[in-house]
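Engineer: Input file: final_3.txt. Contents: compact mmCIF, C-alpha atoms.
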```txt
# COMPACT_ATOMS: atom_id res chain seq x y z
CA MET A 1 -3.03 40.53 125.21
CA GLU A 2 -1.93 39.01 128.51
CA LEU A 3 -0.39 35.60 128.01
CA LYS A 4 -0.31 32.85 130.63
CA ASN A 5 1.98 29.87 130.77
CA SER A 6 0.64 26.40 130.09
CA ASN A 7 1.80 22.91 130.99
CA SER A 8 0.93 21.81 127.44
CA LEU A 9 3.23 22.54 124.52
CA TYR A 10 0.58 21.60 121.95
CA GLU A 11 -2.94 22.95 122.16
CA ARG A 12 -5.34 23.38 119.27
CA SER A 13 -6.03 26.91 120.47
CA ASN A 14 -2.38 27.77 119.77
CA LEU A 15 -3.27 27.97 116.08
CA LYS A 16 -5.02 31.24 116.85
CA ARG A 17 -1.55 32.79 116.92
CA VAL A 18 -0.94 32.12 113.21
CA PRO A 19 -2.26 35.60 112.24
CA GLU A 20 0.39 37.07 114.56
CA MET A 21 3.08 35.32 112.53
CA GLN A 22 1.56 36.77 109.36
CA GLN A 23 1.69 40.25 110.86
CA ILE A 24 5.33 39.86 111.91
CA VAL A 25 6.55 38.60 108.50
CA PRO A 26 3.64 39.31 106.12
CA GLN A 27 5.48 38.83 102.84
CA GLY A 28 7.07 35.52 103.78
CA ALA A 29 3.95 34.11 105.47
CA ASN A 30 1.63 35.16 102.66
CA SER A 31 3.99 33.62 100.11
CA PHE A 32 3.83 30.32 101.97
CA PHE A 33 0.03 30.33 102.10
CA GLN A 34 -0.10 31.14 98.40
CA PHE A 35 2.23 28.21 97.73
CA MET A 36 0.02 25.97 99.86
CA GLY A 37 -3.15 27.07 98.09
CA GLU A 38 -1.73 26.37 94.65
CA ALA A 39 -0.13 23.06 95.65
CA PHE A 40 -3.37 21.72 97.19
CA ALA A 41 -5.65 22.81 94.34
CA GLY A 42 -7.20 19.91 92.44
CA ASN A 43 -5.54 19.21 89.10
CA ALA A 44 -3.84 15.96 88.05
CA ILE A 45 -4.52 14.86 91.64
CA THR A 46 -7.73 15.78 93.45
CA SER A 47 -7.52 18.07 96.46
CA ARG A 48 -8.97 15.20 98.50
CA THR A 49 -6.07 12.91 97.59
CA LYS A 50 -3.63 15.72 98.31
CA GLU A 51 -5.01 16.08 101.82
CA LEU A 52 -4.58 12.32 102.30
CA ILE A 53 -0.95 12.60 101.17
CA ALA A 54 -0.51 15.45 103.64
CA VAL A 55 -1.92 13.29 106.44
CA ALA A 56 0.71 10.64 105.71
CA VAL A 57 3.52 13.19 105.55
CA THR A 58 2.50 14.88 108.80
CA HIS A 59 2.73 11.55 110.59
CA VAL A 60 6.32 11.32 109.39
CA THR A 61 7.15 14.85 110.54
CA GLY A 62 5.17 14.24 113.73
CA CYS A 63 3.57 17.68 113.87
CA PRO A 64 0.41 17.54 116.05
CA TYR A 65 -0.94 20.78 114.56
CA CYS A 66 -0.48 19.53 110.98
CA ILE A 67 -1.97 16.11 111.73
CA ASP A 68 -5.05 17.76 113.24
CA VAL A 69 -5.48 20.30 110.43
CA HIS A 70 -4.99 17.97 107.45
CA THR A 71 -6.96 15.09 108.99
CA GLY A 72 -9.80 17.53 109.62
CA LYS A 73 -9.68 18.80 106.03
CA PHE A 74 -9.67 15.24 104.69
CA LYS A 75 -12.64 14.36 106.89
CA LYS A 76 -14.57 17.33 105.50
CA GLN A 77 -14.05 15.85 102.03
CA GLU A 78 -15.76 12.65 103.20
CA GLY A 79 -12.52 10.87 103.92
CA SER A 80 -12.79 7.67 105.92
CA VAL A 81 -10.94 6.35 108.97
CA GLU A 82 -9.89 3.33 106.89
CA GLU A 83 -8.16 5.58 104.36
CA ILE A 84 -6.42 7.53 107.10
CA VAL A 85 -5.09 4.37 108.77
CA GLU A 86 -3.96 2.86 105.46
CA ALA A 87 -2.10 6.07 104.56
CA ILE A 88 -0.42 6.02 107.97
CA LEU A 89 0.63 2.39 107.45
CA VAL A 90 2.16 3.29 104.07
CA ALA A 91 4.10 6.11 105.74
CA GLY A 92 5.24 3.74 108.47
CA ALA A 93 6.37 1.12 105.98
CA VAL A 94 8.35 3.66 103.96
CA ASN A 95 9.87 5.12 107.11
CA ALA A 96 11.08 1.66 108.14
CA GLU A 97 12.20 0.91 104.58
CA THR A 98 14.35 4.06 104.59
CA VAL A 99 16.28 2.79 107.59
CA LEU A 100 16.62 -0.73 106.21
CA PHE A 101 17.74 0.47 102.79
CA HIS A 102 20.49 2.48 104.44
CA SER A 103 21.74 -0.69 106.08
CA VAL A 104 23.58 -1.38 102.81
CA ASN A 105 25.72 1.68 103.52
CA ALA A 106 26.66 0.24 106.91
CA TRP A 107 27.29 -3.10 105.23
CA ASN A 108 29.74 -1.48 102.80
CA THR A 109 31.60 0.27 105.60
CA MET A 110 31.79 -2.87 107.77
CA HIS A 111 33.22 -4.82 104.82
CA ASP A 112 35.68 -2.07 103.77
CA LEU A 113 33.91 -1.62 100.43
CA VAL A 114 33.78 2.18 100.49
CA VAL A 115 36.49 3.93 98.49
CA ASN A 116 34.88 7.34 97.94
CA GLU A 117 31.36 7.07 96.50
CA LEU A 118 28.86 6.43 99.33
CA TYR A 119 25.70 6.18 97.23
CA GLU A 120 26.12 3.93 94.22
CA THR A 121 23.08 2.80 92.27
CA THR A 122 24.10 -0.82 92.88
CA ASN A 123 24.02 -0.46 96.68
CA ALA A 124 20.38 -1.49 96.93
CA SER A 125 21.20 -4.81 95.27
CA LYS A 126 23.20 -5.72 98.38
CA LEU A 127 20.13 -5.65 100.61
CA PRO A 128 19.62 -9.46 100.25
CA LEU A 129 23.06 -9.89 101.84
CA VAL A 130 21.96 -7.82 104.82
CA LYS A 131 18.69 -9.75 105.04
CA GLN A 132 20.60 -13.01 105.40
CA THR A 133 21.82 -11.86 108.80
CA ARG A 134 18.26 -11.75 110.24
CA PRO A 135 16.02 -13.52 107.69
CA GLU A 136 12.99 -13.95 109.96
CA THR A 137 12.91 -10.29 110.98
CA PHE A 138 13.32 -9.03 107.43
CA ALA A 139 10.66 -11.48 106.23
CA ALA A 140 8.27 -10.01 108.80
CA PHE A 141 9.00 -6.51 107.51
CA ASP A 142 8.50 -7.59 103.89
CA GLN A 143 5.09 -9.01 104.85
CA PHE A 144 4.15 -5.79 106.64
CA GLN A 145 5.18 -3.65 103.69
CA SER A 146 3.37 -5.91 101.21
CA ASN A 147 0.13 -5.66 103.18
CA ALA A 148 0.51 -1.91 103.63
CA MET A 149 1.00 -1.27 99.90
CA LYS A 150 -1.73 -3.49 98.44
CA ASP A 151 -5.18 -2.32 97.27
CA GLY A 152 -7.60 -1.52 100.07
CA ALA A 153 -9.57 1.54 100.99
CA ILE A 154 -6.81 3.31 99.05
CA ASP A 155 -5.82 1.91 95.65
CA ALA A 156 -2.27 0.60 95.16
CA LYS A 157 -1.33 3.38 92.72
CA THR A 158 -2.21 6.13 95.21
CA LYS A 159 -0.31 4.26 97.92
CA GLN A 160 2.78 4.24 95.73
CA LEU A 161 2.37 7.99 95.22
CA ILE A 162 2.15 8.48 98.98
CA ALA A 163 5.28 6.33 99.29
CA VAL A 164 7.13 8.48 96.75
CA VAL A 165 6.24 11.67 98.64
CA VAL A 166 7.22 10.21 102.02
CA SER A 167 10.49 9.05 100.44
CA HIS A 168 11.19 12.65 99.43
CA VAL A 169 10.44 13.88 102.94
CA ASN A 170 12.84 11.25 104.30
CA GLY A 171 15.41 12.15 101.65
CA CYS A 172 16.02 8.50 100.80
CA ALA A 173 17.31 8.12 97.23
CA TYR A 174 16.81 4.35 97.35
CA SER A 175 13.13 4.64 98.29
CA ILE A 176 12.53 7.44 95.78
CA ASP A 177 13.90 5.25 93.00
CA ASN A 178 12.01 2.16 94.19
CA HIS A 179 8.56 3.71 94.60
CA THR A 180 8.74 6.06 91.62
CA LYS A 181 9.32 3.08 89.35
CA LYS A 182 6.44 1.17 90.95
CA PHE A 183 4.17 4.22 90.66
CA LYS A 184 5.00 4.50 86.96
CA GLU A 185 4.33 0.76 86.45
CA LEU A 186 0.83 1.30 87.88
CA GLY A 187 0.08 4.05 85.36
CA GLY A 188 1.18 7.06 87.38
CA THR A 189 1.98 10.19 85.37
CA MET A 190 4.73 12.77 85.72
CA GLU A 191 2.10 15.42 86.48
CA GLU A 192 0.69 13.36 89.36
CA LEU A 193 4.19 12.69 90.63
CA MET A 194 5.22 16.36 90.70
CA GLU A 195 1.93 17.49 92.25
CA GLY A 196 2.40 14.93 95.00
CA VAL A 197 5.97 16.09 95.63
CA LEU A 198 4.77 19.70 95.90
CA VAL A 199 2.23 18.66 98.53
CA GLY A 200 5.05 17.00 100.42
CA GLY A 201 7.05 20.21 100.19
CA VAL A 202 4.19 22.25 101.61
CA ALA A 203 3.57 19.77 104.44
CA ASN A 204 7.26 19.68 105.30
CA ALA A 205 7.53 23.48 105.28
CA GLY A 206 4.30 23.71 107.24
CA TYR A 207 5.80 21.45 109.90
CA VAL A 208 8.57 23.98 110.48
CA LEU A 209 6.48 27.12 110.10
CA THR A 210 3.64 25.95 112.31
CA HIS A 211 6.12 25.41 115.11
CA GLY A 212 6.67 29.14 114.92
CA ILE A 213 3.66 29.20 117.25
CA ASN A 214 5.75 27.39 119.84
CA ALA A 215 8.54 29.90 119.27
CA LEU A 216 6.10 32.74 119.95
CA ASN A 217 4.92 31.01 123.12
CA ALA A 218 8.49 30.45 124.28
CA TYR A 219 9.41 34.07 123.50
CA ASP A 220 6.45 35.30 125.52
CA TYR A 221 7.12 32.93 128.41
CA GLN A 222 6.67 34.57 131.78
CA PRO A 223 8.68 32.75 134.50
CA ASN A 224 6.49 34.07 137.29
CA ALA A 225 3.15 33.39 135.63
CA VAL A 226 0.88 30.68 137.04
CA ALA A 227 0.90 27.56 134.89
CA GLN A 228 -2.49 26.53 133.49
CA ASN A 229 -3.48 22.92 132.94
```
Can the structure from this file be put into structure tokens for me?

Structural biologist:
Amino acid sequence: MELKNSNSLYERSNLKRVPEMQQIVPQGANSFFQFMGEAFAGNAITSRTKELIAVAVTHVTGCPYCIDVHTGKFKKQEGSVEEIVEAILVAGAVNAETVLFHSVNAWNTMHDLVVNELYETTNASKLPLVKQTRPETFAAFDQFQSNAMKDGAIDAKTKQLIAVVVSHVNGCAYSIDNHTKKFKELGGTMEELMEGVLVGGVANAGYVLTHGINALNAYDYQPNAVAQN
């Protein structure tokens, strides 16, 4: 197949190259797709909810291919725009929370409080001290997060599950602890929790693997080819 250069790095048609990746590394690629199929199967959480979780995660990873694919799958399961936007707002709130929670680490360093242990369980309790430096700004964030996490088109329990998964993708121990406890308080089960985390793992791996398409395009780049709009 003759390949031509393009001015766009992300085109939906690029996904047609996924079978090429499977041919190049069949065992690894097929293992991933098997993992994805099992993780997204309905069980303690419905496959519909799992696709919604994936939509939130893909907005954190910022993968255009993954956003398009999982939003499309959620739409096919009669998902609504309201649910999509609410899931995105939850992801945004947790993303911001991750940064703000880590401000306690900066606080400890600035006040010469670090001896050796950087992540103590009591660190999060220092956040009110950080908030005192910019109370109006932190109050605005708290209001945003409160609105994002309350019942709406998506129930509060599912939003907390989305928050737990996004926290895992961010790798924020503070947020994981915070939202896991809130999810449990709302009746969330261990089975639901682990199924959600597995979906996050697939979406995160998919973010990397799907960009293999861009690697193929870059590898096949022809400097003298005519760029196509």

Engineer: I'd like the neighbourhood of stretch 150-154 of chain A as a PyMOL selection string, where a residue qualifies if any of its atoms comes within 10 Å (using all atoms listed in the file), though same-chain residues fewer than 4 positions away should be ignored.

Structural biologist: chain A and resi 49+52+80-87+90+145-146+158-160

Engineer: List the spatial neighbours of A:His70 as a ChimeraX atom specification - criterion: any atom at most 7 Å away, all atoms listed in the file, same-chain residues fewer than 2 positions off excluded.

Structural biologist: /A:51,54-55,66-68,72-74

Engineer: My list of candidates is A:Leu15, A:Ala205, A:Ala41, A:Val165. Which is closest to A:Tyr65 when distances are computed with all atoms listed in the file?

Structural biologist: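 When distances to A:Tyr65 are compared using all atoms listed in the file, the smallest one comes from A:Leu15.
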
Engineer: What's the separation between atom CA of A:Gly42 and atom CA of A:Gln77, in Å to one decimal place?

Structural biologist: 12.5 Å

Engineer: Grab the atom CA of A:Glu195 to atom CA of A:Ala44 distance for me, in Å with one decimal place.

Structural biologist: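 Separating atom CA of A:Glu195 from atom CA of A:Ala44 is a distance of 7.3 Å.
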
Engineer: Using only C-alpha atoms, which residues sit within 10 Å of A:Cys63 once same-chain residues fewer than 5 positions away are excluded, as JSON, numbers by chain?

Structural biologist: {"A": [10, 57, 58, 68, 203, 204, 206, 207, 208, 210, 211]}

Engineer: As an exercise, work out the distance from atom CA of A:Thr189 to atom CA of A:Ile88 in Å and give it to one decimal place.

Structural biologist: 23.1 Å

Engineer: Please determine, counting all atoms listed in the file, which residue among A:Thr98, A:Val169, A:Ile45, A:Lys131 has the shortest atom-to-atom distance to A:Gly188.

Structural biologist: A:Ile45

Engineer: For A:Asn95, which of A:Arg48, A:His59, A:Arg17, A:Arg134 is the closest residue, counting all atoms listed in the file?

Structural biologist: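 Ranked by minimum distance to A:Asn95, first place goes to A:His59.
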
Engineer: Which centre and edge lengths in Å to one decimal define the box along x, y and z that fits every listed atom of stretch 19-35 of chain A plus 5 Å per side, as lines of an AutoDock Vina configuration file?

Structural biologist:
```
center_x = 2.4
center_y = 34.2
center_z = 106.1
size_x = 19.3
size_y = 22.0
size_z = 26.8
```

Engineer: For the point (9.2, 2.3, 104.6) in the file's frame, write as an NGL selection string all residues with an atom no more than 9 Å away, counting only C-alpha atoms.

Structural biologist: :A and (90-101 or 145 or 163 or 166-167 or 175)
